[in-house]
>>> print(open('coords.cif').read())   # mmCIF, C-alpha atoms and all ligand atoms
data_model
#
loop_
_atom_site.group_PDB
_atom_site.id
_atom_site.type_symbol
_atom_site.label_atom_id
_atom_site.label_comp_id
_atom_site.auth_asym_id
_atom_site.auth_seq_id
_atom_site.Cartn_x
_atom_site.Cartn_y
_atom_site.Cartn_z
ATOM 1 C CA MET A 858 -2.433 26.157 10.987
ATOM 2 C CA ARG A 859 -4.663 26.559 14.031
ATOM 3 C CA LEU A 860 -5.578 23.383 15.857
ATOM 4 C CA VAL A 861 -7.300 22.224 19.022
ATOM 5 C CA LEU A 862 -6.063 18.981 20.598
ATOM 6 C CA LEU A 863 -8.970 17.297 22.353
ATOM 7 C CA GLY A 864 -8.919 14.226 24.579
ATOM 8 C CA ALA A 865 -9.009 12.939 28.122
ATOM 9 C CA PRO A 866 -6.096 13.744 30.427
ATOM 10 C CA GLY A 867 -3.336 11.300 29.528
ATOM 11 C CA ALA A 868 -4.592 10.758 25.983
ATOM 12 C CA GLY A 869 -1.204 11.939 24.711
ATOM 13 C CA LYS A 870 -2.057 15.519 23.711
ATOM 14 C CA GLY A 871 1.168 16.942 25.153
ATOM 15 C CA THR A 872 3.358 14.325 23.480
ATOM 16 C CA GLN A 873 1.685 14.836 20.109
ATOM 17 C CA ALA A 874 1.868 18.608 20.554
ATOM 18 C CA ALA A 875 5.657 18.382 20.871
ATOM 19 C CA LEU A 876 5.835 16.349 17.621
ATOM 20 C CA LEU A 877 3.483 18.719 15.803
ATOM 21 C CA LYS A 878 5.471 21.707 17.003
ATOM 22 C CA GLU A 879 8.655 20.236 15.592
ATOM 23 C CA LYS A 880 7.034 19.315 12.275
ATOM 24 C CA PHE A 881 5.014 22.452 11.585
ATOM 25 C CA ASN A 882 6.799 25.032 13.703
ATOM 26 C CA ILE A 883 3.605 26.188 15.368
ATOM 27 C CA ALA A 884 3.252 27.322 18.972
ATOM 28 C CA HIS A 885 2.029 24.923 21.658
ATOM 29 C CA VAL A 886 -0.391 26.612 24.045
ATOM 30 C CA SER A 887 -1.251 24.425 27.032
ATOM 31 C CA THR A 888 -3.592 25.996 29.583
ATOM 32 C CA GLY A 889 -2.489 23.364 32.149
ATOM 33 C CA ASP A 890 1.167 24.375 31.622
ATOM 34 C CA ILE A 891 0.276 28.066 31.979
ATOM 35 C CA PHE A 892 -1.507 27.346 35.275
ATOM 36 C CA ARG A 893 1.391 25.205 36.553
ATOM 37 C CA GLU A 894 3.840 27.991 35.680
ATOM 38 C CA ASN A 895 1.677 30.471 37.605
ATOM 39 C CA ILE A 896 1.508 28.124 40.598
ATOM 40 C CA LYS A 897 5.307 27.772 40.544
ATOM 41 C CA ASN A 898 5.671 31.561 40.479
ATOM 42 C CA ASN A 899 3.085 32.058 43.250
ATOM 43 C CA THR A 900 0.923 34.415 41.199
ATOM 44 C CA PRO A 901 -2.695 35.255 42.163
ATOM 45 C CA LEU A 902 -3.862 33.350 39.031
ATOM 46 C CA GLY A 903 -1.836 30.342 40.187
ATOM 47 C CA SER A 904 -3.384 30.295 43.655
ATOM 48 C CA GLN A 905 -6.898 30.669 42.192
ATOM 49 C CA ALA A 906 -6.306 27.751 39.809
ATOM 50 C CA LYS A 907 -4.569 25.448 42.299
ATOM 51 C CA THR A 908 -7.677 24.953 44.451
ATOM 52 C CA PHE A 909 -9.506 23.440 41.476
ATOM 53 C CA MET A 910 -6.564 21.598 39.927
ATOM 54 C CA ASP A 911 -5.732 19.784 43.181
ATOM 55 C CA LYS A 912 -9.245 18.319 43.206
ATOM 56 C CA GLY A 913 -9.216 17.357 39.521
ATOM 57 C CA GLU A 914 -11.911 19.950 38.815
ATOM 58 C CA LEU A 915 -12.018 22.549 36.074
ATOM 59 C CA VAL A 916 -10.849 26.083 36.773
ATOM 60 C CA PRO A 917 -13.925 28.362 36.305
ATOM 61 C CA ASP A 918 -14.628 29.375 32.688
ATOM 62 C CA ASP A 919 -14.220 33.137 33.191
ATOM 63 C CA ILE A 920 -10.698 32.738 34.618
ATOM 64 C CA VAL A 921 -9.569 30.446 31.780
ATOM 65 C CA MET A 922 -11.239 32.525 29.063
ATOM 66 C CA ASN A 923 -9.568 35.745 30.255
ATOM 67 C CA MET A 924 -6.236 33.997 30.320
ATOM 68 C CA ILE A 925 -6.585 32.511 26.823
ATOM 69 C CA ALA A 926 -7.876 35.783 25.340
ATOM 70 C CA ASP A 927 -4.672 37.458 26.552
ATOM 71 C CA LYS A 928 -2.534 34.638 25.215
ATOM 72 C CA LEU A 929 -4.162 34.687 21.768
ATOM 73 C CA LYS A 930 -3.289 38.367 21.381
ATOM 74 C CA GLU A 931 0.303 37.174 20.893
ATOM 75 C CA PHE A 932 -0.663 35.546 17.597
ATOM 76 C CA LYS A 933 -0.876 38.110 14.853
ATOM 77 C CA ASP A 934 -2.259 37.511 11.344
ATOM 78 C CA ASN A 935 -2.059 33.842 10.494
ATOM 79 C CA ALA A 936 0.563 32.747 13.042
ATOM 80 C CA GLY A 937 -0.133 29.080 13.771
ATOM 81 C CA PHE A 938 -0.814 27.495 17.151
ATOM 82 C CA MET A 939 -2.320 24.448 18.755
ATOM 83 C CA LEU A 940 -4.390 24.612 21.879
ATOM 84 C CA ASP A 941 -3.836 21.739 24.300
ATOM 85 C CA GLY A 942 -6.331 21.533 27.155
ATOM 86 C CA PHE A 943 -8.498 24.388 25.887
ATOM 87 C CA PRO A 944 -11.439 24.452 25.375
ATOM 88 C CA ARG A 945 -12.793 22.051 27.981
ATOM 89 C CA THR A 946 -16.423 23.218 28.164
ATOM 90 C CA VAL A 947 -18.980 24.232 25.535
ATOM 91 C CA LYS A 948 -18.899 27.761 26.964
ATOM 92 C CA GLN A 949 -15.135 27.925 26.357
ATOM 93 C CA ALA A 950 -15.611 26.550 22.822
ATOM 94 C CA GLU A 951 -18.265 29.173 22.041
ATOM 95 C CA PHE A 952 -15.887 31.830 23.363
ATOM 96 C CA LEU A 953 -12.979 30.505 21.285
ATOM 97 C CA LYS A 954 -15.142 30.808 18.189
ATOM 98 C CA THR A 955 -15.371 34.554 18.792
ATOM 99 C CA GLN A 956 -11.572 34.807 19.080
ATOM 100 C CA THR A 957 -10.192 32.810 16.136
ATOM 101 C CA LYS A 958 -10.948 30.531 13.217
ATOM 102 C CA LEU A 959 -9.756 26.934 13.630
ATOM 103 C CA ASP A 960 -8.544 24.610 10.865
ATOM 104 C CA ALA A 961 -9.158 21.341 12.712
ATOM 105 C CA VAL A 962 -9.857 19.736 16.077
ATOM 106 C CA ILE A 963 -7.980 16.483 16.644
ATOM 107 C CA LEU A 964 -9.665 14.078 19.047
ATOM 108 C CA PHE A 965 -7.292 11.592 20.720
ATOM 109 C CA ASP A 966 -9.395 8.596 21.632
ATOM 110 C CA VAL A 967 -8.157 6.248 24.405
ATOM 111 C CA PRO A 968 -10.146 3.875 26.672
ATOM 112 C CA ASP A 969 -10.397 4.870 30.365
ATOM 113 C CA ASP A 970 -8.477 1.870 31.734
ATOM 114 C CA GLU A 971 -5.504 2.773 29.567
ATOM 115 C CA ILE A 972 -5.733 6.419 30.684
ATOM 116 C CA VAL A 973 -5.543 5.394 34.355
ATOM 117 C CA ARG A 974 -2.566 3.145 33.628
ATOM 118 C CA ARG A 975 -0.755 5.882 31.656
ATOM 119 C CA LEU A 976 -1.350 8.679 34.154
ATOM 120 C CA SER A 977 -0.285 6.584 37.143
ATOM 121 C CA SER A 978 3.088 5.973 35.521
ATOM 122 C CA ARG A 979 3.488 9.420 33.916
ATOM 123 C CA ARG A 980 6.486 11.490 34.979
ATOM 124 C CA MET A 981 7.318 15.103 34.181
ATOM 125 C CA CYS A 982 10.778 16.579 33.826
ATOM 126 C CA LYS A 983 11.498 19.468 36.173
ATOM 127 C CA ALA A 984 14.218 20.791 33.877
ATOM 128 C CA CYS A 985 12.420 20.979 30.511
ATOM 129 C CA GLY A 986 8.759 20.136 31.217
ATOM 130 C CA GLY A 987 9.003 17.032 29.007
ATOM 131 C CA ILE A 988 6.733 14.043 29.564
ATOM 132 C CA THR A 989 7.893 10.464 30.067
ATOM 133 C CA ASP A 990 6.963 7.378 32.131
ATOM 134 C CA SER A 991 8.225 5.576 35.193
ATOM 135 C CA SER A 992 10.310 3.136 33.121
ATOM 136 C CA HIS A 993 12.775 6.011 32.468
ATOM 137 C CA LYS A 994 15.347 7.183 34.999
ATOM 138 C CA ASN A 995 16.261 10.213 32.863
ATOM 139 C CA CYS A 996 14.276 12.601 30.682
ATOM 140 C CA PRO A 997 14.445 11.373 27.039
ATOM 141 C CA SER A 998 14.406 15.018 25.829
ATOM 142 C CA CYS A 999 17.081 16.691 27.975
ATOM 143 C CA GLY A 1000 18.702 13.878 30.019
ATOM 144 C CA SER A 1001 17.837 15.385 33.420
ATOM 145 C CA SER A 1002 17.263 12.882 36.251
ATOM 146 C CA ASP A 1003 14.846 15.302 37.955
ATOM 147 C CA LEU A 1004 11.606 13.484 37.084
ATOM 148 C CA PHE A 1005 8.492 13.808 39.242
ATOM 149 C CA THR A 1006 4.827 12.794 39.428
ATOM 150 C CA ARG A 1007 2.422 15.680 38.875
ATOM 151 C CA ASP A 1008 0.264 16.415 41.951
ATOM 152 C CA ASP A 1009 -2.854 15.597 39.957
ATOM 153 C CA ASP A 1010 -1.473 12.306 38.564
ATOM 154 C CA HIS A 1011 -2.331 10.456 41.797
ATOM 155 C CA GLU A 1012 -5.093 7.879 41.596
ATOM 156 C CA ASP A 1013 -7.932 9.700 43.401
ATOM 157 C CA VAL A 1014 -7.365 12.890 41.374
ATOM 158 C CA ILE A 1015 -7.004 10.904 38.113
ATOM 159 C CA LYS A 1016 -10.488 9.442 38.713
ATOM 160 C CA SER A 1017 -12.043 12.847 39.251
ATOM 161 C CA ARG A 1018 -10.260 14.323 36.195
ATOM 162 C CA LEU A 1019 -11.677 11.500 34.078
ATOM 163 C CA LYS A 1020 -15.144 12.087 35.518
ATOM 164 C CA THR A 1021 -14.812 15.801 34.708
ATOM 165 C CA PHE A 1022 -13.762 14.894 31.160
ATOM 166 C CA HIS A 1023 -16.799 12.650 30.601
ATOM 167 C CA GLU A 1024 -19.226 15.103 32.203
ATOM 168 C CA GLN A 1025 -18.006 18.336 30.604
ATOM 169 C CA THR A 1026 -15.332 18.048 27.940
ATOM 170 C CA GLU A 1027 -16.800 15.103 26.020
ATOM 171 C CA LYS A 1028 -19.650 17.388 24.936
ATOM 172 C CA LEU A 1029 -17.121 19.147 22.717
ATOM 173 C CA ILE A 1030 -16.942 16.079 20.473
ATOM 174 C CA ASP A 1031 -20.486 16.734 19.218
ATOM 175 C CA PHE A 1032 -19.890 20.470 19.185
ATOM 176 C CA TYR A 1033 -16.889 20.222 16.867
ATOM 177 C CA ARG A 1034 -18.384 17.394 14.801
ATOM 178 C CA SER A 1035 -21.302 19.635 13.974
ATOM 179 C CA GLU A 1036 -18.877 22.417 13.058
ATOM 180 C CA GLY A 1037 -17.257 19.984 10.580
ATOM 181 C CA LEU A 1038 -13.861 20.325 12.276
ATOM 182 C CA LEU A 1039 -13.450 16.992 14.098
ATOM 183 C CA LEU A 1040 -10.665 14.547 13.143
ATOM 184 C CA ASN A 1041 -10.766 11.337 15.201
ATOM 185 C CA VAL A 1042 -7.495 9.533 15.996
ATOM 186 C CA ASN A 1043 -7.222 6.138 17.659
ATOM 187 C CA ALA A 1044 -4.629 7.106 20.272
ATOM 188 C CA SER A 1045 -3.888 3.680 21.785
ATOM 189 C CA GLY A 1046 -0.667 3.018 19.853
ATOM 190 C CA THR A 1047 2.891 4.270 20.219
ATOM 191 C CA PRO A 1048 3.525 8.031 19.922
ATOM 192 C CA GLU A 1049 5.008 7.482 16.437
ATOM 193 C CA GLU A 1050 1.985 5.455 15.231
ATOM 194 C CA ILE A 1051 -0.386 8.058 16.584
ATOM 195 C CA PHE A 1052 1.603 10.885 14.991
ATOM 196 C CA ASN A 1053 1.449 9.123 11.608
ATOM 197 C CA SER A 1054 -2.343 8.882 11.940
ATOM 198 C CA VAL A 1055 -2.453 12.590 12.749
ATOM 199 C CA LEU A 1056 -0.398 13.435 9.669
ATOM 200 C CA ASP A 1057 -2.645 11.215 7.530
ATOM 201 C CA LEU A 1058 -5.694 13.021 8.827
ATOM 202 C CA LEU A 1059 -4.121 16.399 8.187
ATOM 203 C CA ASN A 1060 -3.286 15.095 4.701
ATOM 204 C CA HIS A 1061 0.331 15.856 5.244
ATOM 205 C CA ASP A 1062 3.440 14.254 3.802
ATOM 206 C CA LYS A 1063 5.203 12.197 6.519
ATOM 207 C CA ASN A 1064 8.761 12.976 5.417
HETATM 208 P P1 LIG A 1101 -3.894 19.573 31.920
HETATM 209 O O1 LIG A 1101 -2.435 19.782 32.106
HETATM 210 O O2 LIG A 1101 -4.403 20.023 30.576
HETATM 211 O O3 LIG A 1101 -4.346 18.163 32.263
HETATM 212 O O4 LIG A 1101 -4.628 20.547 32.977
HETATM 213 C C1 LIG A 1101 -4.426 20.404 34.374
HETATM 214 C C2 LIG A 1101 -5.567 21.068 35.132
HETATM 215 O O5 LIG A 1101 -5.611 22.466 34.828
HETATM 216 C C3 LIG A 1101 -6.951 20.551 34.797
HETATM 217 O O6 LIG A 1101 -7.281 19.352 35.511
HETATM 218 C C4 LIG A 1101 -7.826 21.741 35.224
HETATM 219 O O7 LIG A 1101 -7.963 21.801 36.632
HETATM 220 C C5 LIG A 1101 -6.958 22.924 34.797
HETATM 221 N N1 LIG A 1101 -7.282 23.351 33.417
HETATM 222 C C6 LIG A 1101 -6.452 23.317 32.337
HETATM 223 N N2 LIG A 1101 -7.070 23.776 31.234
HETATM 224 C C7 LIG A 1101 -8.327 24.108 31.633
HETATM 225 C C8 LIG A 1101 -9.475 24.619 30.962
HETATM 226 N N3 LIG A 1101 -9.462 24.862 29.636
HETATM 227 N N4 LIG A 1101 -10.599 24.837 31.691
HETATM 228 C C9 LIG A 1101 -10.636 24.606 33.006
HETATM 229 N N5 LIG A 1101 -9.600 24.103 33.692
HETATM 230 C C10 LIG A 1101 -8.454 23.854 33.021
#
>>> encode(input="coords.cif", output="structure tokens", more="lines below")
Ligand code: AMP
Amino acid sequence: MRLVLLGAPGAGKGTQAALLKEKFNIAHVSTGDIFRENIKNNTPLGSQAKTFMDKGELVPDDIVMNMIADKLKEFKDNAGFMLDGFPRTVKQAEFLKTQTKLDAVILFDVPDDEIVRRLSSRRMCKACGGITDSSHKNCPSCGSSDLFTRDDDHEDVIKSRLKTFHEQTEKLIDFYRSEGLLLNVNASGTPEEIFNSVLDLLNHDKN
């Protein structure tokens, strides 16, 4: 199964990706995670990306497309994956079409005010990269108490990331609808409710 997870930052793509990975045993490819890893390791790609990420802007298409083309080479034959955070522009989507055939694009739909609320309280785990919120003192996945706020989860950057989403990434909804690939999920509920809707849409048994 080859999926794209589409939605505003904070729509729950990462959380649903973890559930989908467990259920279907497919790889989770997050371009944001790859950039953050490169920033942590002080690579040239990391320093190129950081300038844009810190402002809530998109990293230029050619940089992201080169990176994803390399990553996709790891998936031979029909090995499954889900892309989280890629594509984000029509140019990236056109490029992806030349690289692989997708089974579905899942759109996680959440109103902006809820996005701002979620991102302001989102915390990441330094130990395992898991996602939780400020009501937790420890990571629900690994128990670590090393939770932090992502640099771009501060209010001014959240606003510009949302603006970027509406200006550039939202165009992908029409793009994938016209390709007949779009599955629309109301992503305002709990992670479990949302996951059940995803399974329904994928026509998959919930057990
Ligand atoms: P994310 O973790 O998906 O919210 O991504 C964090 C940041 O990484 C974004 O705000 C962008 O600056 C950058 N980024 C991630 N994926 C892409 C992409 N496909 N195109 C451009 N920039 C990206």
>>> resolve_selection(input="coords.cif", expression="the PyMOL selection byres (((chain A and resi 1012) around 12) and not hetatm)", output="PyMOL selection string")
chain A and resi 912-913+972-979+1006-1011+1013-1019
>>> write_last_selection(input="coords.cif", atoms="C-alpha atoms", output="PDB file, in the frame of the given file")
ATOM      1  CA  LYS A 912      -9.245  18.319  43.206  1.00  0.00           C
ATOM      2  CA  GLY A 913      -9.216  17.357  39.521  1.00  0.00           C
ATOM      3  CA  ILE A 972      -5.733   6.419  30.684  1.00  0.00           C
ATOM      4  CA  VAL A 973      -5.543   5.394  34.355  1.00  0.00           C
ATOM      5  CA  ARG A 974      -2.566   3.145  33.628  1.00  0.00           C
ATOM      6  CA  ARG A 975      -0.755   5.882  31.656  1.00  0.00           C
ATOM      7  CA  LEU A 976      -1.350   8.679  34.154  1.00  0.00           C
ATOM      8  CA  SER A 977      -0.285   6.584  37.143  1.00  0.00           C
ATOM      9  CA  SER A 978       3.088   5.973  35.521  1.00  0.00           C
ATOM     10  CA  ARG A 979       3.488   9.420  33.916  1.00  0.00           C
ATOM     11  CA  THR A1006       4.827  12.794  39.428  1.00  0.00           C
ATOM     12  CA  ARG A1007       2.422  15.680  38.875  1.00  0.00           C
ATOM     13  CA  ASP A1008       0.264  16.415  41.951  1.00  0.00           C
ATOM     14  CA  ASP A1009      -2.854  15.597  39.957  1.00  0.00           C
ATOM     15  CA  ASP A1010      -1.473  12.306  38.564  1.00  0.00           C
ATOM     16  CA  HIS A1011      -2.331  10.456  41.797  1.00  0.00           C
ATOM     17  CA  ASP A1013      -7.932   9.700  43.401  1.00  0.00           C
ATOM     18  CA  VAL A1014      -7.365  12.890  41.374  1.00  0.00           C
ATOM     19  CA  ILE A1015      -7.004  10.904  38.113  1.00  0.00           C
ATOM     20  CA  LYS A1016     -10.488   9.442  38.713  1.00  0.00           C
ATOM     21  CA  SER A1017     -12.043  12.847  39.251  1.00  0.00           C
ATOM     22  CA  ARG A1018     -10.260  14.323  36.195  1.00  0.00           C
ATOM     23  CA  LEU A1019     -11.677  11.500  34.078  1.00  0.00           C
TER      24      LEU A1019
END
>>> closest_atom_pairs(input="coords.cif", of="stretch 869-904 of chain A", to="stretch 919-935 of chain A", cutoff="12 Å", atoms="all atoms listed in the file", output="CSV")
residue,atom,partner,partner_atom,distance
A:Ile883,CA,A:Phe932,CA,10.5
A:Ala884,CA,A:Phe932,CA,9.2
A:His885,CA,A:Lys928,CA,11.3
A:Val886,CA,A:Lys928,CA,8.4
A:Ser887,CA,A:Ile925,CA,9.7
A:Thr888,CA,A:Ile925,CA,7.7
A:Gly889,CA,A:Val921,CA,10.0
A:Ile891,CA,A:Met924,CA,9.0
A:Phe892,CA,A:Val921,CA,9.3
A:Asn895,CA,A:Met924,CA,11.3
A:Pro901,CA,A:Ile920,CA,11.3
A:Leu902,CA,A:Ile920,CA,8.2
A:Gly903,CA,A:Ile920,CA,10.7
A:Ser904,CA,A:Ile920,CA,11.9
>>> closest_residue(input="coords.cif", among="A:Glu879, A:Asp990, A:Glu894, A:Asp1057", to="ligand LIG 1101 (chain A)", atoms="all atoms listed in the file")
A:Glu894
>>> resolve_selection(input="coords.cif", expression="the PyMOL selection byres (((chain A and resi 948) around 12) and not hetatm)", output="short mmCIF file (atom, residue, chain, number, x, y, z; two decimals) with C-alpha atoms, in the frame of the given file")
data_model
loop_
_atom_site.label_atom_id
_atom_site.label_comp_id
_atom_site.auth_asym_id
_atom_site.auth_seq_id
_atom_site.Cartn_x
_atom_site.Cartn_y
_atom_site.Cartn_z
CA PRO A 917 -13.92 28.36 36.30
CA ASP A 918 -14.63 29.38 32.69
CA ASP A 919 -14.22 33.14 33.19
CA VAL A 921 -9.57 30.45 31.78
CA MET A 922 -11.24 32.52 29.06
CA PHE A 943 -8.50 24.39 25.89
CA PRO A 944 -11.44 24.45 25.38
CA ARG A 945 -12.79 22.05 27.98
CA THR A 946 -16.42 23.22 28.16
CA VAL A 947 -18.98 24.23 25.54
CA GLN A 949 -15.14 27.92 26.36
CA ALA A 950 -15.61 26.55 22.82
CA GLU A 951 -18.26 29.17 22.04
CA PHE A 952 -15.89 31.83 23.36
CA LEU A 953 -12.98 30.50 21.28
CA LYS A 954 -15.14 30.81 18.19
CA THR A 955 -15.37 34.55 18.79
CA GLN A 1025 -18.01 18.34 30.60
CA THR A 1026 -15.33 18.05 27.94
CA LYS A 1028 -19.65 17.39 24.94
CA LEU A 1029 -17.12 19.15 22.72
CA PHE A 1032 -19.89 20.47 19.18
#
>>> atom_distance(input="coords.cif", atom1="atom C2 of ligand LIG 1101 (chain A)", atom2="atom CA of A:Gly871")
12.7 Å
>>> axis_aligned_box(input="coords.cif", around="stretch 1040-1046 of chain A", padding_each_side="4 Å", output="JSON")
{"center_x": -5.7, "center_y": 8.8, "center_z": 17.5, "size_x": 18.1, "size_y": 19.5, "size_z": 16.6}
>>> resolve_selection(input="coords.cif", expression="the PyMOL selection byres (((chain A and resi 1056) around 12) and not hetatm)", output="ChimeraX atom specification")
/A:873,876-877,880-881,963,1040-1042,1049-1055,1057-1064
>>> atom_distance(input="coords.cif", atom1="atom CA of A:Glu971", atom2="atom O6 of ligand LIG 1101 (chain A)")
17.7 Å
>>> closest_residue(input="coords.cif", among="A:Ala874, A:Ile988, A:Ala906, A:Val916", to="ligand LIG 1101 (chain A)", atoms="all atoms listed in the file")
A:Val916
>>> closest_residue(input="coords.cif", among="A:Cys985, A:Met858, A:Ala875, A:Met910", to="ligand LIG 1101 (chain A)", atoms="all atoms listed in the file")
A:Met910
>>> closest_residue(input="coords.cif", among="A:Ser1035, A:Ser992, A:Ser998, A:Thr872", to="ligand LIG 1101 (chain A)", atoms="only C-alpha atoms and all ligand atoms")
A:Thr872
>>> atom_distance(input="coords.cif", atom1="atom O3 of ligand LIG 1101 (chain A)", atom2="atom CA of A:Phe938")
18.1 Å
>>> closest_residue(input="coords.cif", among="A:Gln905, A:Glu914, A:Gly1046, A:Gly864", to="A:Lys1020", atoms="all atoms listed in the file")
A:Glu914
>>> closest_residue(input="coords.cif", among="A:Asn899, A:Thr1021, A:Ser991, A:Thr957", to="ligand LIG 1101 (chain A)", atoms="all atoms listed in the file")
A:Thr1021
>>> residues_around(input="coords.cif", residues="A:Leu959", least_positions_apart="4", cutoff="8 Å", atoms="only C-alpha atoms", output="JSON list (two decimals) with C-alpha atoms, in the frame of the given file")
[["chain", "number", "residue", "atom", "x", "y", "z"],
["A", 858, "MET", "CA", -2.43, 26.16, 10.99],
["A", 859, "ARG", "CA", -4.66, 26.56, 14.03],
["A", 860, "LEU", "CA", -5.58, 23.38, 15.86],
["A", 861, "VAL", "CA", -7.30, 22.22, 19.02],
["A", 1038, "LEU", "CA", -13.86, 20.32, 12.28]]
>>> decode(input="coords.cif", residues="stretch 942-954 of chain A", atoms="N, CA and C atoms", output="PDB file, in the first residue's frame")
ATOM      1  N   GLY A 942       3.732  14.712   4.928  1.00  0.00           N
ATOM      2  CA  GLY A 942       4.384  16.013   4.725  1.00  0.00           C
ATOM      3  C   GLY A 942       4.952  16.187   3.326  1.00  0.00           C
ATOM      4  N   PHE A 943       4.763  15.202   2.486  1.00  0.00           N
ATOM      5  CA  PHE A 943       5.169  15.299   1.074  1.00  0.00           C
ATOM      6  C   PHE A 943       4.097  14.629   0.238  1.00  0.00           C
ATOM      7  N   PRO A 944       3.636  15.216  -0.857  1.00  0.00           N
ATOM      8  CA  PRO A 944       4.009  16.523  -1.389  1.00  0.00           C
ATOM      9  C   PRO A 944       3.300  17.657  -0.669  1.00  0.00           C
ATOM     10  N   ARG A 945       3.835  18.870  -0.847  1.00  0.00           N
ATOM     11  CA  ARG A 945       3.224  20.062  -0.272  1.00  0.00           C
ATOM     12  C   ARG A 945       2.939  21.114  -1.342  1.00  0.00           C
ATOM     13  N   THR A 946       3.389  20.901  -2.551  1.00  0.00           N
ATOM     14  CA  THR A 946       3.083  21.830  -3.653  1.00  0.00           C
ATOM     15  C   THR A 946       2.671  20.985  -4.858  1.00  0.00           C
ATOM     16  N   VAL A 947       1.995  21.641  -5.816  1.00  0.00           N
ATOM     17  CA  VAL A 947       1.572  20.912  -7.022  1.00  0.00           C
ATOM     18  C   VAL A 947       2.808  20.408  -7.772  1.00  0.00           C
ATOM     19  N   LYS A 948       3.878  21.207  -7.769  1.00  0.00           N
ATOM     20  CA  LYS A 948       5.100  20.773  -8.451  1.00  0.00           C
ATOM     21  C   LYS A 948       5.626  19.468  -7.833  1.00  0.00           C
ATOM     22  N   GLN A 949       5.610  19.396  -6.510  1.00  0.00           N
ATOM     23  CA  GLN A 949       6.059  18.163  -5.838  1.00  0.00           C
ATOM     24  C   GLN A 949       5.133  16.989  -6.177  1.00  0.00           C
ATOM     25  N   ALA A 950       3.819  17.275  -6.268  1.00  0.00           N
ATOM     26  CA  ALA A 950       2.864  16.199  -6.577  1.00  0.00           C
ATOM     27  C   ALA A 950       3.069  15.682  -7.994  1.00  0.00           C
ATOM     28  N   GLU A 951       3.327  16.612  -8.925  1.00  0.00           N
ATOM     29  CA  GLU A 951       3.595  16.203 -10.318  1.00  0.00           C
ATOM     30  C   GLU A 951       4.852  15.335 -10.356  1.00  0.00           C
ATOM     31  N   PHE A 952       5.857  15.746  -9.573  1.00  0.00           N
ATOM     32  CA  PHE A 952       7.115  14.996  -9.531  1.00  0.00           C
ATOM     33  C   PHE A 952       6.873  13.593  -8.950  1.00  0.00           C
ATOM     34  N   LEU A 953       6.098  13.534  -7.872  1.00  0.00           N
ATOM     35  CA  LEU A 953       5.839  12.242  -7.225  1.00  0.00           C
ATOM     36  C   LEU A 953       5.196  11.260  -8.200  1.00  0.00           C
ATOM     37  N   LYS A 954       4.328  11.817  -9.059  1.00  0.00           N
ATOM     38  CA  LYS A 954       3.644  10.988 -10.048  1.00  0.00           C
ATOM     39  C   LYS A 954       4.636  10.291 -10.990  1.00  0.00           C
TER      40      LYS A 954
END
